[in-house]
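In what follows, a structure is listed as structure tokens, so that the remarks can point back to it.
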Amino acid sequence: MTNAAIAGMFSDLADLLEIEGANAFRIRAYRNASRTLDSLTDSLEAIVAEDPGKLMQIPGIGKDLALKIQLTIETGQLEQLEQMKEKIPPDVVRMLCIPGIGPKKVAVLFRKLHLTTLDQLKHAAQTGAISQQKGFAKKTEQIILEGLEHLEQMGLRMFLADAKPFVDQMVQELAGLTGVDRVCLAGSVRRLKETVGDLDILVAASAPDQAMDYLANHPQTDKVLARGETKQRVRFHPFARTITPGGSQVAMEMDLRVVPEESFGAALQYFTGSKEHNIETRKRASQRGFKLNEYGLFRGEEVVASVEEKDIYAAIDLPWIPPEIRQDRNEFHLAEAGEIPDLVELGQIRGDLHMHTTATDGRATIEEMIEAAIERKLKYIAITDHSKRVTMANGLDATRLRAHWENIRSIREQYPEIEVLCGIECDILEDATLDLDDEVLAEADFVIAVLHYGLKQPKDQITKRLLNAIKNPHVHMIGHLTGRLLGKRPGAEISFEDVFKAAADHGVLMEINAHPSRLDLNEIHAAQAKELGIPIVINTDAHSTTGLDVMQWGIYQARRAGLSAKDVANTLTAKQFRKLLR
DNA sequence: GCCGTTTTCGGCCCGACTGTTTTCAGTCG
């Protein structure tokens with residue numbers, strides 16, 4: 001059983017307990033535990049197998065939760081969760097997804113009105129049965145009906161790559177307004193999260209109305225959902241696709257927060273989050289006798305810090321922490337030790353070691369790819385077309401591959417300003433052998449081994465395939481290890497610890513695929529690979545010349561994992577990079 | 001349910017906004 005599965009059970013249990021009206025702090029304990037387990041790099045299964053007592057060393061896991069984790073792994077289910085599910089139907093839990101409807105209201109709908117499905121809820125709202133209840137009125141019924149309509153879209157997130165250009169533009173427009181002193185992105189977009197649920201912008205202004213009016217009347221704005229003295233929430237017309245299959249259009253919402261200039265730093269810290277990071281910073285503040293809110297850090301009435309973010313951190317004895325790593329994972333530990341990493345930047349990337357050409361499923365020729373790479377100031381690249389197993393991409397067999405390499409060798413002589421490696425993206429087959437013979441692979445400058453097929457195999461077999469590839473002396477890198485996809489296929493997750501340890505032993509590189517809708521090797525696993533000293537390579541897997549431009553999103557992924565240039569192998573010079581290869 | 005350089009019991013982050021109220025509870029971020 002995966003950590004994510006156990007974390008999910010605790011999270012579900014917290015939802016159910018909330019509807020039941022359980023102690024709020026007990027619910028929080030489950031939520032905290034869920035989040036901690038989800039970002040834990042060690043496998044809970046392995047910990048239990050070794051020594052269940054060690055579970056209690058995990059922060060937020062005490063005697064009770066340790067036992068629940070152990071029993072969940074042993075029995076395959078969480079007893080309390082199963083019991084609660086008997087009592088509360090799944091649609092009742094879904095009611096929590098309606099904005100404006102929380103656990104208290106759901107409890108009334110379920111216990112007093114005996115509504116157990118969303119259809120019943122809709123009917124009750126339409127017939128006015130709900131407004132009869134104390135604490136409910138016509139407006140609430142309207143909220144419910146609107147909410148049900150949007151429920152399908154609710155909770156949908158979009159890729160950072162879609163959201164960021166839009167909010168960047170909005171920031172620019174707001175910055176141009178008279179009376180607006182400072183504007184900054186906040187929330188998950190500022191933290192450069194891979195996907196974002198909503199958008200946050202912070203403004204410092206002497207007159208809040210100007211910025212709010214501008215946003216309210218913006219052509220992209222569909223509806224003002226809430227507006228107060230300092231805060232406004234709007235819904236935009238759909239401007240990008242969501243990450244769900246089918247990519248339905250979704251209306252994104254944005255919070256605009258206006259604060260006085262002297263509070264900007266405190267507000268920026270506060271609204272950047274993450275929520276978990278903020279809870280920890282406020283805890284640290286209160287341990288030092290301070291109170292921290294969006295207006296500043298206070299000792300009694302006295303303002304200790306408020307203008308700049310770094311002042312807030314300094315006052316609680318920490319260096320400034322980059323937004324990308326504000327996840328309450330280990331940034332406080334790093335900050336205390338003075339080890340906040342100097343995060344890798346796009347300008348430091350010198351090579352791109354994964355791209356395709358017209359020889360297989362790319363749309364540009366070898367020459368075009370080389371010239372595009374030179375334009376983008378790259379010093380070295382690897383041309384890595386598909387191997388024969390990927391028939392739908394016109395994958396290369398030994399004969400065609402050798403001819404392709406010969407072609408590359410003659411073409412690259414015309415481009416002395418860039419080093420071009422003859423590479424191959426070689427499939428790891430279902431039986432754990434490689435798609436091309438060793439003697440062919442031995443002729444390559446750079447070999448990427450990847451999984452494309454047989455992902456429904458059991459965990460052990462997939463792990464074995466990866467281990468075999470790593471042991472092959474001709475393989476240089478494991479390509480786009482789709483941690484998330486594998487993790488989501490029941491029974492097909494891999495043993496990352498085993499794979500990473502083998503990679504570390506054999507000097508095999510790991511890849512972050514920079515494509516914004518892929519971003520394979522998520523930040524947790526990338527951080528884990530870094531811990532083991534495995535060099536990480538950020539590649540575009542470009543299928544066209546413009547495909548080389550997605551590098552930025554991979555950089556963000558690496559930054560969230562806390563990687564600095566020394567952890568990223570393609571920041572090395574071509575010569576240094578070659579030396580790194582076994 | 002967790003946790004401890006005030007505490008093994010009594011805390012647990014904090015404020016804005018809305019709707020239903022007539023001073024506040026619920027919800028949200």
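Labels used: A, B, ... for chains in the order of the structure tokens, numbers from 1 for residues in each chain, and numbers from 1 for ligands as shown.
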
Problem set entry | Spatial neighbours of segment 4-19 of chain B, 8 Å, only C-alpha atoms (C1' of nucleotides), chain gap at least 4 places, as a ChimeraX atom specification | /A:25,139,226-228,231,279,282-283,293

Go ahead and save the picked residues with C-alpha atoms, as a compact mmCIF listing (two decimals), in the first residue's frame.
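As written to disk, out39.txt reads:
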# COMPACT_ATOMS: atom_id res chain seq x y z
CA PHE A 25 -8.44 19.58 16.77
CA LYS A 139 -29.77 32.96 -0.49
CA ALA A 226 -17.24 38.96 -2.94
CA ARG A 227 -16.01 42.42 -2.19
CA GLY A 228 -15.06 44.05 1.06
CA LYS A 231 -10.44 41.93 -0.37
CA ILE A 279 0.98 27.71 10.25
CA ARG A 282 2.96 31.71 13.03
CA LYS A 283 3.78 28.99 15.52
CA ASN A 293 -0.88 38.22 10.79

For this session: Enumerate as a ChimeraX atom specification the residues belonging to chain A that approach chain B to within 9 Å, with only C-alpha atoms (C1' of nucleotides) taken into account.
Result: /A:25-30,59-62,64-65,99-105,134-137,139-140,226-228,230-231,271,275,278-280,282-283,292-294

Atoms to include: C-alpha atoms. Write the selected residues as an mmCIF file, in the first residue's frame.
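Output below, filename out_7.cif:
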data_model
loop_
_atom_site.group_PDB
_atom_site.id
_atom_site.type_symbol
_atom_site.label_atom_id
_atom_site.label_comp_id
_atom_site.auth_asym_id
_atom_site.auth_seq_id
_atom_site.Cartn_x
_atom_site.Cartn_y
_atom_site.Cartn_z
ATOM 1 C CA PHE A 25 -8.444 19.584 16.773
ATOM 2 C CA ARG A 26 -8.816 15.884 16.367
ATOM 3 C CA ILE A 27 -9.846 16.496 12.758
ATOM 4 C CA ARG A 28 -6.839 18.752 12.307
ATOM 5 C CA ALA A 29 -4.600 16.003 13.658
ATOM 6 C CA TYR A 30 -5.859 13.648 10.941
ATOM 7 C CA PRO A 59 6.005 14.476 13.347
ATOM 8 C CA GLY A 60 2.261 14.547 14.001
ATOM 9 C CA ILE A 61 2.073 10.770 14.394
ATOM 10 C CA GLY A 62 1.471 9.631 17.952
ATOM 11 C CA ASP A 64 -2.892 6.167 18.154
ATOM 12 C CA LEU A 65 -2.158 7.108 14.553
ATOM 13 C CA PRO A 99 -18.474 26.724 -2.042
ATOM 14 C CA GLY A 100 -20.124 28.335 0.949
ATOM 15 C CA ILE A 101 -21.333 25.027 2.294
ATOM 16 C CA GLY A 102 -19.197 23.621 5.048
ATOM 17 C CA PRO A 103 -19.418 20.719 7.453
ATOM 18 C CA LYS A 104 -21.924 22.373 9.810
ATOM 19 C CA LYS A 105 -24.405 23.075 7.048
ATOM 20 C CA LYS A 134 -32.692 27.746 11.091
ATOM 21 C CA GLY A 135 -29.490 29.277 9.761
ATOM 22 C CA PHE A 136 -30.598 28.806 6.164
ATOM 23 C CA ALA A 137 -32.465 31.215 3.901
ATOM 24 C CA LYS A 139 -29.766 32.962 -0.492
ATOM 25 C CA THR A 140 -28.361 29.671 0.766
ATOM 26 C CA ALA A 226 -17.244 38.965 -2.944
ATOM 27 C CA ARG A 227 -16.011 42.420 -2.191
ATOM 28 C CA GLY A 228 -15.057 44.046 1.063
ATOM 29 C CA THR A 230 -9.555 45.109 1.436
ATOM 30 C CA LYS A 231 -10.443 41.932 -0.373
ATOM 31 C CA PHE A 271 -0.760 35.291 1.075
ATOM 32 C CA LYS A 275 -1.042 27.240 4.350
ATOM 33 C CA ASN A 278 2.220 29.777 7.359
ATOM 34 C CA ILE A 279 0.983 27.709 10.249
ATOM 35 C CA GLU A 280 4.573 26.888 11.075
ATOM 36 C CA ARG A 282 2.959 31.705 13.033
ATOM 37 C CA LYS A 283 3.780 28.990 15.519
ATOM 38 C CA LEU A 292 1.926 37.243 13.132
ATOM 39 C CA ASN A 293 -0.880 38.217 10.788
ATOM 40 C CA GLU A 294 -1.155 39.772 7.333
#

Exercise. Taking the backbone alone, and naming residues the way the document does, which bits of segment 72-150 of chain A are helix (DSSP H, G or I) by DSSP, as a count of residues only?
Worked result: 55

For this session: Can you work out the spacing between atom CA of Ala335 of chain A and atom CA of Ile58 of chain A in Å, to one decimal?
Result: 19.8 Å

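Close contacts of Val183 of chain A, defined as residues with an atom at most 10 Å away when counting only C-alpha atoms (C1' of nucleotides), with chain neighbours fewer than 3 positions off set aside, comprise Met170, Val171, Gln172, Glu173, Leu174, Ala175, Gly176, Val180, Ala186, Ile201, Leu202, Val203, Ala204, Ala205, Arg257, Val258, Phe264 and Leu268 of chain A.
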
For those residues, write C-alpha atoms to a file as a tab-separated table (two decimals), in the first residue's frame.
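Final output, saved to selection35.tsv:
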chain	number	residue	atom	x	y	z
A	170	MET	CA	-2.87	41.10	-14.83
A	171	VAL	CA	-0.04	42.13	-12.48
A	172	GLN	CA	1.37	44.42	-15.18
A	173	GLU	CA	-1.98	46.06	-15.78
A	174	LEU	CA	-2.59	46.67	-12.09
A	175	ALA	CA	0.93	48.04	-11.65
A	176	GLY	CA	0.16	50.70	-14.24
A	180	VAL	CA	-1.15	51.54	-6.88
A	186	ALA	CA	0.97	35.56	-4.31
A	201	ILE	CA	-2.59	39.01	-6.40
A	202	LEU	CA	-1.48	41.40	-3.69
A	203	VAL	CA	-1.56	45.16	-4.10
A	204	ALA	CA	-0.24	47.96	-1.93
A	205	ALA	CA	-2.30	51.06	-2.47
A	257	ARG	CA	-5.99	41.69	-1.66
A	258	VAL	CA	-5.22	45.36	-1.03
A	264	PHE	CA	3.20	44.71	2.15
A	268	LEU	CA	3.03	38.94	0.87

For this session: Would you mind reading off the distance between atom CA of Asn570 of chain A and atom CA of Gln414 of chain A, one decimal, in Å?
Result: 23.1 Å

For this session: Determine which residues of segment 206-235 of chain A DSSP labels as strand (DSSP E or B) from the backbone of this structure, then write them out as a PyMOL selection string.
Result: chain A and resi 221-227+231-235

Take the selection from the previous step and output its residues with C-alpha atoms, as a PDB file, in the first residue's frame.
ATOM      1  CA  THR A 221     -14.004  39.267 -15.334  1.00  0.00           C
ATOM      2  CA  ASP A 222     -17.260  37.372 -15.393  1.00  0.00           C
ATOM      3  CA  LYS A 223     -18.537  37.984 -11.894  1.00  0.00           C
ATOM      4  CA  VAL A 224     -17.539  39.632  -8.625  1.00  0.00           C
ATOM      5  CA  LEU A 225     -18.072  36.936  -6.031  1.00  0.00           C
ATOM      6  CA  ALA A 226     -17.244  38.965  -2.944  1.00  0.00           C
ATOM      7  CA  ARG A 227     -16.011  42.420  -2.191  1.00  0.00           C
ATOM      8  CA  LYS A 231     -10.443  41.932  -0.373  1.00  0.00           C
ATOM      9  CA  GLN A 232     -12.187  41.052  -3.598  1.00  0.00           C
ATOM     10  CA  ARG A 233     -12.828  37.720  -5.227  1.00  0.00           C
ATOM     11  CA  VAL A 234     -13.787  37.484  -8.894  1.00  0.00           C
ATOM     12  CA  ARG A 235     -14.503  34.741 -11.372  1.00  0.00           C
TER      13      ARG A 235
END

Problem set entry | Selection near Ile381 of chain A, 6 Å with only C-alpha atoms (C1' of nucleotides), sequence-local residues under 3 positions removed, as a PyMOL selection string | chain A and resi 351-353+420

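Comparing A:Ser39, A:Glu336, A:Asn23, A:Ala66 by their smallest distance to Pro52 of chain A, the closest is A:Ala66 (using only C-alpha atoms).
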
Seminar exercise, completed: Computed gap from atom CA of Glu74 of chain A to atom CA of Ala24 of chain A is 28.5 Å

For this session: Do a neighbour search on Ser188 of chain A at 9 Å with only C-alpha atoms (C1' of nucleotides), toss out local chain neighbours closer than 2 positions, and write the hits as a list in words.
Result: Leu160, Leu185, Ala186, Arg190, Arg191, Leu192, Lys193, Glu194, Thr195, Val196, Gly197, Asp198, Leu199, Asp200, Thr272, Gly273, Ser274, Pro323 and Glu324 of chain A

Would you mind exporting C-alpha atoms of the selected residues as a CSV table (one decimal), in the first residue's frame?
chain,number,residue,atom,x,y,z
A,160,LEU,CA,1.0,26.8,-14.1
A,185,LEU,CA,1.8,37.6,-7.4
A,186,ALA,CA,1.0,35.6,-4.3
A,190,ARG,CA,4.1,32.7,-6.7
A,191,ARG,CA,5.3,29.4,-5.3
A,192,LEU,CA,5.4,28.1,-8.9
A,193,LYS,CA,3.3,25.1,-8.1
A,194,GLU,CA,2.9,22.7,-11.0
A,195,THR,CA,-0.8,23.2,-11.0
A,196,VAL,CA,-2.9,26.0,-9.5
A,197,GLY,CA,-6.4,26.0,-8.2
A,198,ASP,CA,-6.9,29.7,-8.0
A,199,LEU,CA,-5.0,32.9,-8.5
A,200,ASP,CA,-3.8,35.5,-5.9
A,272,THR,CA,2.0,33.3,-0.5
A,273,GLY,CA,1.6,30.4,1.8
A,274,SER,CA,1.6,27.5,1.6
A,323,PRO,CA,8.5,30.7,-2.2
A,324,GLU,CA,9.0,27.6,-4.2
